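*Asks:* TSV, C-alpha atoms, saved as input.tsv, coming up:
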chain	number	residue	atom	x	y	z
U	1	MET	CA	103.08	156.54	92.27
U	2	THR	CA	106.42	155.07	91.19
U	3	PRO	CA	105.69	151.51	92.48
U	4	HIS	CA	102.81	151.19	90.01
U	5	ARG	CA	104.95	151.68	86.87
U	6	PRO	CA	106.18	148.06	86.59
U	7	ALA	CA	102.57	146.87	86.54
U	8	VAL	CA	101.74	149.26	83.70
U	9	ARG	CA	104.83	148.15	81.82
U	10	SER	CA	103.97	144.47	82.31
U	11	PHE	CA	100.47	145.09	81.02
U	12	ALA	CA	101.84	146.81	77.92
U	13	LEU	CA	104.26	143.96	77.28
U	14	ALA	CA	101.47	141.42	77.65
U	15	VAL	CA	99.30	143.28	75.14
U	16	PHE	CA	102.23	143.55	72.72
U	17	ALA	CA	102.98	139.82	73.06
U	18	ALA	CA	99.33	138.95	72.44
U	19	PHE	CA	99.38	141.14	69.32
U	20	ILE	CA	102.52	139.39	68.00
U	21	ILE	CA	100.98	135.96	68.61
U	22	SER	CA	97.78	137.02	66.82
U	23	VAL	CA	99.67	138.37	63.81
U	24	SER	CA	101.83	135.24	63.65
U	25	ALA	CA	98.78	132.98	63.75
U	26	ALA	CA	97.12	134.99	60.98
U	27	SER	CA	100.29	134.74	58.89
U	28	LEU	CA	100.38	130.98	59.29
U	29	VAL	CA	96.78	130.72	58.11
U	30	ALA	CA	97.47	133.01	55.14
U	31	GLN	CA	100.47	130.92	54.03
U	32	VAL	CA	98.55	127.72	53.32
U	33	ASN	CA	99.38	126.84	49.70
U	34	ALA	CA	96.73	126.00	47.12
U	35	VAL	CA	96.82	122.83	45.04
U	36	PRO	CA	98.31	123.97	41.70
U	37	PHE	CA	96.35	123.70	38.48
U	38	VAL	CA	97.97	123.42	35.03
U	39	ASN	CA	96.35	124.87	31.91
U	40	GLN	CA	96.77	123.59	28.39
U	41	PRO	CA	98.74	124.07	26.26
U	42	LEU	CA	102.27	123.69	27.56
U	43	VAL	CA	104.82	125.88	25.76
U	44	PRO	CA	106.16	124.24	23.69
U	45	THR	CA	103.62	121.43	23.37
U	46	SER	CA	106.03	118.91	21.84
U	47	ALA	CA	109.61	118.23	20.74
U	48	ALA	CA	111.37	115.94	18.27
U	49	PRO	CA	113.23	112.87	19.53
U	50	GLY	CA	116.90	113.67	20.07
U	51	SER	CA	116.27	117.34	20.84
U	52	THR	CA	118.61	119.28	23.08
U	53	SER	CA	117.42	120.47	26.50
U	54	LEU	CA	114.61	123.03	26.40
U	55	THR	CA	112.79	125.48	28.63
U	56	LEU	CA	109.22	124.40	29.30
U	57	THR	CA	106.73	127.15	30.22
U	58	VAL	CA	103.80	125.97	32.33
U	59	ASN	CA	100.79	128.24	32.78
U	60	GLY	CA	98.07	127.69	35.33
U	61	ALA	CA	97.01	128.80	38.79
U	62	GLY	CA	98.07	128.52	42.42
U	63	PHE	CA	101.85	128.40	41.88
U	64	VAL	CA	104.17	129.48	44.73
U	65	PRO	CA	107.94	130.17	44.77
U	66	ALA	CA	108.62	126.61	45.98
U	67	SER	CA	106.49	124.93	43.26
U	68	VAL	CA	108.29	122.31	41.17
U	69	VAL	CA	107.52	121.01	37.68
U	70	ASN	CA	107.55	117.19	37.42
U	71	TRP	CA	108.32	115.13	34.31
U	72	ASN	CA	106.79	111.67	34.69
U	73	GLY	CA	106.98	112.26	38.43
U	74	THR	CA	110.63	113.37	38.42
U	75	PRO	CA	111.25	116.95	39.64
U	76	LEU	CA	112.85	119.33	37.13
U	77	SER	CA	114.91	122.43	37.78
U	78	THR	CA	112.14	125.03	38.11
U	79	THR	CA	111.98	128.82	38.02
U	80	TYR	CA	109.04	130.62	39.61
U	81	VAL	CA	107.75	133.39	37.32
U	82	GLY	CA	104.51	134.19	39.10
U	83	VAL	CA	101.35	132.76	40.61
U	84	ASN	CA	100.17	131.80	37.10
U	85	GLN	CA	103.45	130.65	35.52
U	86	VAL	CA	106.54	128.55	36.19
U	87	GLN	CA	109.34	127.46	33.86
U	88	ALA	CA	111.42	124.30	33.96
U	89	THR	CA	114.46	122.88	32.17
U	90	VAL	CA	113.75	119.59	30.42
U	91	PRO	CA	117.08	117.72	29.95
U	92	SER	CA	118.02	116.19	26.61
U	93	SER	CA	117.91	112.71	28.20
U	94	ALA	CA	114.15	113.09	28.63
U	95	LEU	CA	113.78	113.91	24.92
U	96	ALA	CA	115.96	111.12	23.53
U	97	ALA	CA	113.18	108.85	22.27
U	98	ALA	CA	109.57	109.14	21.10
U	99	SER	CA	107.16	109.12	24.04
U	100	THR	CA	104.40	111.02	25.80
U	101	ALA	CA	105.42	112.49	29.15
U	102	SER	CA	103.11	113.44	32.02
U	103	VAL	CA	103.78	116.98	33.28
U	104	THR	CA	102.56	118.12	36.70
U	105	VAL	CA	103.37	120.87	39.19
U	106	SER	CA	103.78	120.18	42.91
U	107	SER	CA	103.69	122.67	45.79
U	108	PRO	CA	104.85	121.94	49.35
U	109	GLY	CA	102.80	122.15	52.54
U	110	PRO	CA	101.12	123.48	54.45
U	111	GLY	CA	98.35	122.74	51.98
U	112	GLY	CA	99.83	122.32	48.51
U	113	GLY	CA	99.80	119.05	46.59
U	114	THR	CA	100.19	117.91	42.98
U	115	SER	CA	98.30	119.36	40.03
U	116	ASN	CA	96.36	117.71	37.24
U	117	VAL	CA	98.38	116.00	34.51
U	118	VAL	CA	99.07	117.60	31.10
U	119	PRO	CA	100.78	115.54	28.35
U	120	PHE	CA	103.94	116.56	26.48
U	121	THR	CA	104.62	114.70	23.23
U	122	VAL	CA	108.07	113.71	21.98
U	123	SER	CA	107.47	112.74	18.34
U	124	VAL	CA	108.73	113.15	14.80
U	125	ALA	CA	107.14	115.91	12.72
U	126	THR	CA	105.10	114.80	9.72
U	127	ASP	CA	103.77	116.51	6.59
U	128	SER	CA	100.57	114.47	6.42
U	129	LEU	CA	97.87	113.56	8.91
U	130	SER	CA	95.32	110.80	9.13
U	131	PHE	CA	92.65	110.19	11.75
U	132	ALA	CA	90.96	106.98	12.82
U	133	LYS	CA	87.23	107.36	13.34
U	134	SER	CA	85.42	106.14	16.41
U	135	THR	CA	81.84	106.72	17.55
U	136	ILE	CA	80.69	107.57	21.08
U	137	ARG	CA	77.02	107.35	21.91
U	138	VAL	CA	75.84	110.40	23.88
U	139	GLY	CA	72.50	112.03	24.64
U	140	ASP	CA	70.00	114.03	22.63
U	141	ASN	CA	71.27	117.13	20.76
U	142	PRO	CA	74.88	117.27	22.04
U	143	GLY	CA	76.44	120.73	22.44
U	144	ASP	CA	79.84	121.73	23.80
U	145	VAL	CA	82.60	119.18	24.39
U	146	VAL	CA	85.39	119.88	26.92
U	147	VAL	CA	88.58	117.89	27.46
U	148	ALA	CA	90.16	117.54	30.92
U	149	ASP	CA	91.71	114.88	33.13
U	150	PHE	CA	88.78	114.44	35.51
U	151	ASN	CA	90.18	111.43	37.40
U	152	ASN	CA	93.85	112.52	37.41
U	153	ASP	CA	95.22	109.41	35.71
U	154	GLY	CA	97.19	111.32	33.07
U	155	LYS	CA	94.67	110.50	30.32
U	156	ALA	CA	92.36	113.00	28.61
U	157	ASP	CA	88.66	112.60	29.44
U	158	LEU	CA	85.55	114.10	27.82
U	159	ALA	CA	82.49	115.91	29.11
U	160	ILE	CA	79.66	116.46	26.62
U	161	ILE	CA	76.48	118.45	27.22
U	162	ASN	CA	73.22	116.93	25.95
U	163	GLN	CA	70.84	119.85	25.53
U	164	ASN	CA	67.54	118.03	25.10
U	165	GLN	CA	68.13	114.82	27.05
U	166	PRO	CA	65.34	114.05	29.57
U	167	ASP	CA	66.18	112.11	32.72
U	168	SER	CA	63.50	111.30	35.31
U	169	ARG	CA	66.20	110.68	37.93
U	170	CYS	CA	67.34	114.29	37.54
U	171	TYR	CA	64.17	116.29	37.10
U	172	HIS	CA	60.76	116.27	38.71
U	173	TYR	CA	59.37	119.28	36.84
U	174	GLY	CA	59.88	118.23	33.23
U	175	GLY	CA	63.36	119.67	32.78
U	176	VAL	CA	65.84	118.47	30.15
U	177	GLY	CA	69.60	118.50	29.84
U	178	THR	CA	72.43	116.25	31.06
U	179	ILE	CA	76.21	115.96	30.81
U	180	SER	CA	77.88	112.73	29.70
U	181	VAL	CA	81.34	112.09	31.15
U	182	PHE	CA	83.68	109.63	29.44
U	183	LEU	CA	87.01	108.49	30.88
U	184	GLY	CA	89.86	108.20	28.41
U	185	ASN	CA	91.67	104.87	28.04
U	186	GLY	CA	94.82	106.52	26.71
U	187	ASP	CA	94.52	104.90	23.28
U	188	GLY	CA	91.94	107.16	21.67
U	189	THR	CA	88.96	105.28	23.09
U	190	PHE	CA	86.68	106.23	25.98
U	191	SER	CA	84.58	104.27	28.45
U	192	ALA	CA	82.68	104.38	31.74
U	193	LYS	CA	79.98	106.96	31.07
U	194	SER	CA	78.44	108.90	33.96
U	195	THR	CA	75.45	111.25	33.78
U	196	LEU	CA	75.45	114.63	35.52
U	197	CYS	CA	72.41	116.83	36.01
U	198	PHE	CA	71.49	120.49	36.26
U	199	PHE	CA	69.73	121.87	39.31
U	200	ASP	CA	66.16	120.62	39.38
U	201	GLY	CA	63.78	123.50	38.77
U	202	PHE	CA	60.83	124.68	36.74
U	203	GLY	CA	61.65	125.15	33.09
U	204	THR	CA	65.21	123.80	33.28
U	205	THR	CA	66.61	123.54	29.76
U	206	ALA	CA	70.29	123.00	28.98
U	207	LEU	CA	72.14	125.51	26.82
U	208	PRO	CA	75.18	124.49	24.74
U	209	GLN	CA	77.86	126.22	26.83
U	210	LEU	CA	80.14	124.04	28.99
U	211	VAL	CA	83.42	125.11	30.67
U	212	ALA	CA	86.04	123.12	32.59
U	213	GLY	CA	88.43	124.65	35.15
U	214	ASP	CA	89.60	124.41	38.75
U	215	PHE	CA	87.20	126.82	40.45
U	216	ASN	CA	87.82	125.87	44.11
U	217	GLY	CA	91.61	125.55	44.03
U	218	ASP	CA	91.88	121.84	44.90
U	219	GLY	CA	93.73	120.81	41.72
U	220	ILE	CA	90.78	118.85	40.34
U	221	PRO	CA	88.91	120.02	37.21
U	222	ASP	CA	85.37	121.27	37.80
U	223	LEU	CA	82.55	122.00	35.36
U	224	VAL	CA	80.31	125.02	34.81
U	225	ILE	CA	77.16	124.57	32.74
U	226	THR	CA	74.45	126.99	31.65
U	227	GLY	CA	70.72	126.48	31.54
U	228	SER	CA	67.77	128.57	30.44
U	229	ASN	CA	67.40	130.02	33.94
U	230	THR	CA	70.63	129.27	35.78
U	231	ALA	CA	74.35	128.59	35.75
U	232	CYS	CA	75.41	125.49	37.65
U	233	VAL	CA	78.83	124.67	39.14
U	234	LEU	CA	79.78	121.00	39.47
U	235	LEU	CA	82.83	120.52	41.68
U	236	GLY	CA	85.08	117.63	40.65
U	237	GLY	CA	86.07	115.00	43.21
U	238	ALA	CA	86.96	111.36	43.60
U	239	LEU	CA	85.68	109.18	40.75
U	240	PRO	CA	85.44	105.72	42.35
U	241	ASP	CA	82.95	104.24	39.90
U	242	LEU	CA	81.69	105.79	36.69
U	243	THR	CA	80.35	102.58	35.18
U	244	THR	CA	76.80	103.35	36.32
U	245	ALA	CA	74.87	106.46	35.44
U	246	VAL	CA	73.84	108.08	38.71
U	247	SER	CA	71.31	110.85	39.24
U	248	ARG	CA	73.12	114.12	39.95
U	249	GLY	CA	76.38	112.58	38.91
U	250	THR	CA	79.21	110.50	40.30
U	251	GLY	CA	82.41	112.20	41.37
U	252	PHE	CA	80.98	115.70	41.06
U	253	THR	CA	79.24	117.74	43.74
U	254	GLN	CA	76.74	120.44	42.85
U	255	GLY	CA	78.09	123.77	43.99
U	256	GLN	CA	76.36	127.10	43.50
U	257	GLN	CA	73.88	128.36	40.96
U	258	ALA	CA	73.29	131.86	39.70
U	259	GLY	CA	71.00	133.60	37.27
U	260	ALA	CA	73.43	134.05	34.38
U	261	TYR	CA	73.41	133.30	30.68
U	262	THR	CA	77.06	133.77	29.75
U	263	ILE	CA	80.20	132.58	31.46
U	264	THR	CA	83.64	134.14	31.35
U	265	VAL	CA	86.54	132.19	32.84
U	266	THR	CA	89.76	133.99	33.72
U	267	ASN	CA	92.93	133.42	35.68
U	268	VAL	CA	93.38	135.93	38.48
U	269	GLY	CA	96.93	137.14	37.87
U	270	GLU	CA	99.07	140.05	38.99
U	271	HIS	CA	96.51	141.65	41.30
U	272	SER	CA	95.88	138.50	43.35
U	273	THR	CA	98.01	136.03	45.27
U	274	SER	CA	95.55	133.16	44.92
U	275	GLY	CA	95.99	132.43	41.21
U	276	GLN	CA	92.63	130.72	41.19
U	277	VAL	CA	90.41	130.32	38.15
U	278	LYS	CA	87.33	132.50	38.54
U	279	MET	CA	83.86	132.53	37.01
U	280	ALA	CA	82.20	135.83	36.26
Would you mind giving the structure from this file in structure tokens?
*Replies:*
Amino acid sequence: MTPHRPAVRSFALAVFAAFIISVSAASLVAQVNAVPFVNQPLVPTSAAPGSTSLTLTVNGAGFVPASVVNWNGTPLSTTYVGVNQVQATVPSSALAAASTASVTVSSPGPGGGTSNVVPFTVSVATDSLSFAKSTIRVGDNPGDVVVADFNNDGKADLAIINQNQPDSRCYHYGGVGTISVFLGNGDGTFSAKSTLCFFDGFGTTALPQLVAGDFNGDGIPDLVITGSNTACVLLGGALPDLTTAVSRGTGFTQGQQAGAYTITVTNVGEHSTSGQVKMA
């Protein structure tokens, strides 16, 4: 019986090696990094010109230990706090003069990428405020307004829900409700309107609630809208041309719908490694 032992041992070694390879492959798949997403506000949100160096706290989702905070594209010394927070040291040289900086977070591969842009203002404090008025034409009975950088150009954009706006390109059963998207020009004005639609169904009527967030972890803001009989997820994507209103939207893909009337958006924190924004 002794001559058969090497064969048994070889078989056991082969099984063990296959197990190690399988575990290693699973680990590689599990280590793919998400595209980070940065929430507003930054902490602090601004500083006075001539300030000394400061610690900038960035909250968001999808951060990993190797994530780096960027200031106008330049990496800063960064400390990883957790999947939903990183901190960075902003040097005094970056705060020397009045300006608006673009803050992003980058994560390395596999996966990874660079987050959406959030502005940080370097300006002098003032005791009085004045606002210049501008008018944007939207649809019928506008409801919620959300602000996000939908095309990742470092400028704030707007999405506005029009509760009673009909659109024959969207609905074939008499539904109403659209979303108007405006791209910011960076000077307080907006242009290039696009029209997004709800799911086409009987009795579709838009409700006023509208939420922006990165729901699929790709670093691009998405939208969640509510209707009289559904909640609709619109996944953000490339925005090649928003000059023409297009049925079912341009740059957004309709995701899932669910029978829900209220939306709660949270960051999955200590009990998850994904750090993704979730809808419940």
*Asks:* Around (118.1, 116.3, 19.9), as given in the file, which residues come within 8 Å? Count all atoms listed in the file and list them as a list in words.
*Replies:*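 Residues found, by chain and rising number: Ala48, Pro49, Gly50, Ser51, Thr52, Ser53, Ser92, Leu95 and Ala96 of chain U.
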*Asks:* Taking all atoms of segment 163-176 of chain U that the file lists, what box with edges along x, y and z, padded by 8 Å per side, do you get, with centre and edge lengths in Å to one decimal, as JSON?
*Replies:*
{"center_x": 65.1, "center_y": 115.3, "center_z": 31.9, "size_x": 27.5, "size_y": 25.2, "size_z": 29.6}
*Asks:* When you look at Gly143 of chain U with a cut-off of 7 Å (counting only C-alpha atoms), what residues show up, excluding the ones that are within fewer than 2 positions of it in the same chain? I need them as a VMD selection string.
*Replies:* chain U and resid 141 145 160 to 163 208
*Asks:* Just the residues within 12 Å of Thr189 of chain U, please, counting all atoms listed in the file, with nothing from its chain fewer than 4 positions along; format it as an mmCIF file with C-alpha atoms, in the coordinates of the input.
*Replies:*
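So result-v5.cif came out as:
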data_model
loop_
_atom_site.group_PDB
_atom_site.id
_atom_site.type_symbol
_atom_site.label_atom_id
_atom_site.label_comp_id
_atom_site.auth_asym_id
_atom_site.auth_seq_id
_atom_site.Cartn_x
_atom_site.Cartn_y
_atom_site.Cartn_z
ATOM 1 C CA ALA U 132 90.960 106.980 12.820
ATOM 2 C CA LYS U 133 87.230 107.360 13.340
ATOM 3 C CA SER U 134 85.420 106.140 16.410
ATOM 4 C CA THR U 135 81.840 106.720 17.550
ATOM 5 C CA ILE U 136 80.690 107.570 21.080
ATOM 6 C CA LYS U 155 94.670 110.500 30.320
ATOM 7 C CA ALA U 156 92.360 113.000 28.610
ATOM 8 C CA ASP U 157 88.660 112.600 29.440
ATOM 9 C CA LEU U 158 85.550 114.100 27.820
ATOM 10 C CA PHE U 182 83.680 109.630 29.440
ATOM 11 C CA LEU U 183 87.010 108.490 30.880
ATOM 12 C CA GLY U 184 89.860 108.200 28.410
ATOM 13 C CA ASN U 185 91.670 104.870 28.040
#
*Asks:* Can you work out the spacing between atom CA of Val181 of chain U and atom CA of Phe150 of chain U in Å, to one decimal?
*Replies:*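 Distance reported for this atom pair: 8.9 Å.
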*Asks:* Between atom CA of Phe63 of chain U and atom CA of Val83 of chain U, what is the distance, to one decimal in Å?
*Replies:* 4.6 Å
*Asks:* Could you add the missing atoms to segment 54-84 of chain U, up to N, CA and C atoms, and return them as a PDB file, in the frame of the given file?
*Replies:*
ATOM      1  N   LEU U  54     115.470 121.890  26.732  1.00  0.00           N
ATOM      2  CA  LEU U  54     114.610 123.030  26.400  1.00  0.00           C
ATOM      3  C   LEU U  54     113.986 123.599  27.663  1.00  0.00           C
ATOM      4  N   THR U  55     113.520 124.836  27.543  1.00  0.00           N
ATOM      5  CA  THR U  55     112.790 125.480  28.630  1.00  0.00           C
ATOM      6  C   THR U  55     111.297 125.292  28.412  1.00  0.00           C
ATOM      7  N   LEU U  56     110.647 124.676  29.379  1.00  0.00           N
ATOM      8  CA  LEU U  56     109.220 124.400  29.300  1.00  0.00           C
ATOM      9  C   LEU U  56     108.470 125.433  30.141  1.00  0.00           C
ATOM     10  N   THR U  57     107.545 126.158  29.514  1.00  0.00           N
ATOM     11  CA  THR U  57     106.730 127.150  30.220  1.00  0.00           C
ATOM     12  C   THR U  57     105.386 126.514  30.557  1.00  0.00           C
ATOM     13  N   VAL U  58     105.039 126.558  31.838  1.00  0.00           N
ATOM     14  CA  VAL U  58     103.800 125.970  32.330  1.00  0.00           C
ATOM     15  C   VAL U  58     102.922 127.085  32.888  1.00  0.00           C
ATOM     16  N   ASN U  59     101.747 127.246  32.308  1.00  0.00           N
ATOM     17  CA  ASN U  59     100.790 128.240  32.780  1.00  0.00           C
ATOM     18  C   ASN U  59      99.670 127.569  33.556  1.00  0.00           C
ATOM     19  N   GLY U  60      99.133 128.272  34.521  1.00  0.00           N
ATOM     20  CA  GLY U  60      98.070 127.690  35.330  1.00  0.00           C
ATOM     21  C   GLY U  60      97.670 128.597  36.461  1.00  0.00           C
ATOM     22  N   ALA U  61      97.467 128.028  37.643  1.00  0.00           N
ATOM     23  CA  ALA U  61      97.010 128.800  38.790  1.00  0.00           C
ATOM     24  C   ALA U  61      97.532 128.169  40.074  1.00  0.00           C
ATOM     25  N   GLY U  62      97.699 129.013  41.096  1.00  0.00           N
ATOM     26  CA  GLY U  62      98.070 128.520  42.420  1.00  0.00           C
ATOM     27  C   GLY U  62      99.525 128.190  42.602  1.00  0.00           C
ATOM     28  N   PHE U  63     100.421 128.683  41.735  1.00  0.00           N
ATOM     29  CA  PHE U  63     101.850 128.400  41.880  1.00  0.00           C
ATOM     30  C   PHE U  63     102.440 129.278  42.994  1.00  0.00           C
ATOM     31  N   VAL U  64     103.449 128.752  43.686  1.00  0.00           N
ATOM     32  CA  VAL U  64     104.170 129.480  44.730  1.00  0.00           C
ATOM     33  C   VAL U  64     105.667 129.375  44.432  1.00  0.00           C
ATOM     34  N   PRO U  65     106.504 130.204  45.066  1.00  0.00           N
ATOM     35  CA  PRO U  65     107.940 130.170  44.770  1.00  0.00           C
ATOM     36  C   PRO U  65     108.588 128.799  44.923  1.00  0.00           C
ATOM     37  N   ALA U  66     108.035 127.936  45.777  1.00  0.00           N
ATOM     38  CA  ALA U  66     108.620 126.610  45.980  1.00  0.00           C
ATOM     39  C   ALA U  66     108.002 125.533  45.085  1.00  0.00           C
ATOM     40  N   SER U  67     107.113 125.919  44.161  1.00  0.00           N
ATOM     41  CA  SER U  67     106.490 124.930  43.260  1.00  0.00           C
ATOM     42  C   SER U  67     107.542 124.322  42.338  1.00  0.00           C
ATOM     43  N   VAL U  68     107.342 123.053  41.999  1.00  0.00           N
ATOM     44  CA  VAL U  68     108.290 122.310  41.170  1.00  0.00           C
ATOM     45  C   VAL U  68     107.536 121.621  40.034  1.00  0.00           C
ATOM     46  N   VAL U  69     108.071 121.723  38.824  1.00  0.00           N
ATOM     47  CA  VAL U  69     107.520 121.010  37.680  1.00  0.00           C
ATOM     48  C   VAL U  69     108.068 119.586  37.674  1.00  0.00           C
ATOM     49  N   ASN U  70     107.167 118.613  37.456  1.00  0.00           N
ATOM     50  CA  ASN U  70     107.550 117.190  37.420  1.00  0.00           C
ATOM     51  C   ASN U  70     107.388 116.640  36.013  1.00  0.00           C
ATOM     52  N   TRP U  71     108.347 115.813  35.613  1.00  0.00           N
ATOM     53  CA  TRP U  71     108.320 115.130  34.310  1.00  0.00           C
ATOM     54  C   TRP U  71     108.216 113.640  34.592  1.00  0.00           C
ATOM     55  N   ASN U  72     107.043 113.073  34.321  1.00  0.00           N
ATOM     56  CA  ASN U  72     106.790 111.670  34.690  1.00  0.00           C
ATOM     57  C   ASN U  72     107.112 111.422  36.161  1.00  0.00           C
ATOM     58  N   GLY U  73     106.782 112.400  37.000  1.00  0.00           N
ATOM     59  CA  GLY U  73     106.980 112.260  38.430  1.00  0.00           C
ATOM     60  C   GLY U  73     108.342 112.668  38.942  1.00  0.00           C
ATOM     61  N   THR U  74     109.278 112.962  38.031  1.00  0.00           N
ATOM     62  CA  THR U  74     110.630 113.370  38.420  1.00  0.00           C
ATOM     63  C   THR U  74     110.742 114.884  38.437  1.00  0.00           C
ATOM     64  N   PRO U  75     111.164 115.486  39.562  1.00  0.00           N
ATOM     65  CA  PRO U  75     111.250 116.950  39.640  1.00  0.00           C
ATOM     66  C   PRO U  75     112.285 117.496  38.653  1.00  0.00           C
ATOM     67  N   LEU U  76     111.941 118.622  38.033  1.00  0.00           N
ATOM     68  CA  LEU U  76     112.850 119.330  37.130  1.00  0.00           C
ATOM     69  C   LEU U  76     113.328 120.615  37.803  1.00  0.00           C
ATOM     70  N   SER U  77     114.440 121.135  37.325  1.00  0.00           N
ATOM     71  CA  SER U  77     114.910 122.430  37.780  1.00  0.00           C
ATOM     72  C   SER U  77     113.886 123.487  37.368  1.00  0.00           C
ATOM     73  N   THR U  78     113.301 124.177  38.359  1.00  0.00           N
ATOM     74  CA  THR U  78     112.140 125.030  38.110  1.00  0.00           C
ATOM     75  C   THR U  78     112.398 126.468  38.533  1.00  0.00           C
ATOM     76  N   THR U  79     111.917 127.398  37.716  1.00  0.00           N
ATOM     77  CA  THR U  79     111.980 128.820  38.020  1.00  0.00           C
ATOM     78  C   THR U  79     110.573 129.370  38.206  1.00  0.00           C
ATOM     79  N   TYR U  80     110.346 130.017  39.330  1.00  0.00           N
ATOM     80  CA  TYR U  80     109.040 130.620  39.610  1.00  0.00           C
ATOM     81  C   TYR U  80     108.958 131.973  38.913  1.00  0.00           C
ATOM     82  N   VAL U  81     107.968 132.126  38.029  1.00  0.00           N
ATOM     83  CA  VAL U  81     107.750 133.390  37.320  1.00  0.00           C
ATOM     84  C   VAL U  81     106.664 134.197  38.011  1.00  0.00           C
ATOM     85  N   GLY U  82     105.614 133.524  38.435  1.00  0.00           N
ATOM     86  CA  GLY U  82     104.510 134.190  39.100  1.00  0.00           C
ATOM     87  C   GLY U  82     103.451 133.175  39.491  1.00  0.00           C
ATOM     88  N   VAL U  83     102.386 133.657  40.115  1.00  0.00           N
ATOM     89  CA  VAL U  83     101.350 132.760  40.610  1.00  0.00           C
ATOM     90  C   VAL U  83     100.685 131.977  39.482  1.00  0.00           C
ATOM     91  N   ASN U  84     100.792 132.471  38.240  1.00  0.00           N
ATOM     92  CA  ASN U  84     100.170 131.800  37.100  1.00  0.00           C
ATOM     93  C   ASN U  84     101.175 131.188  36.134  1.00  0.00           C
TER      94      ASN U  84
END
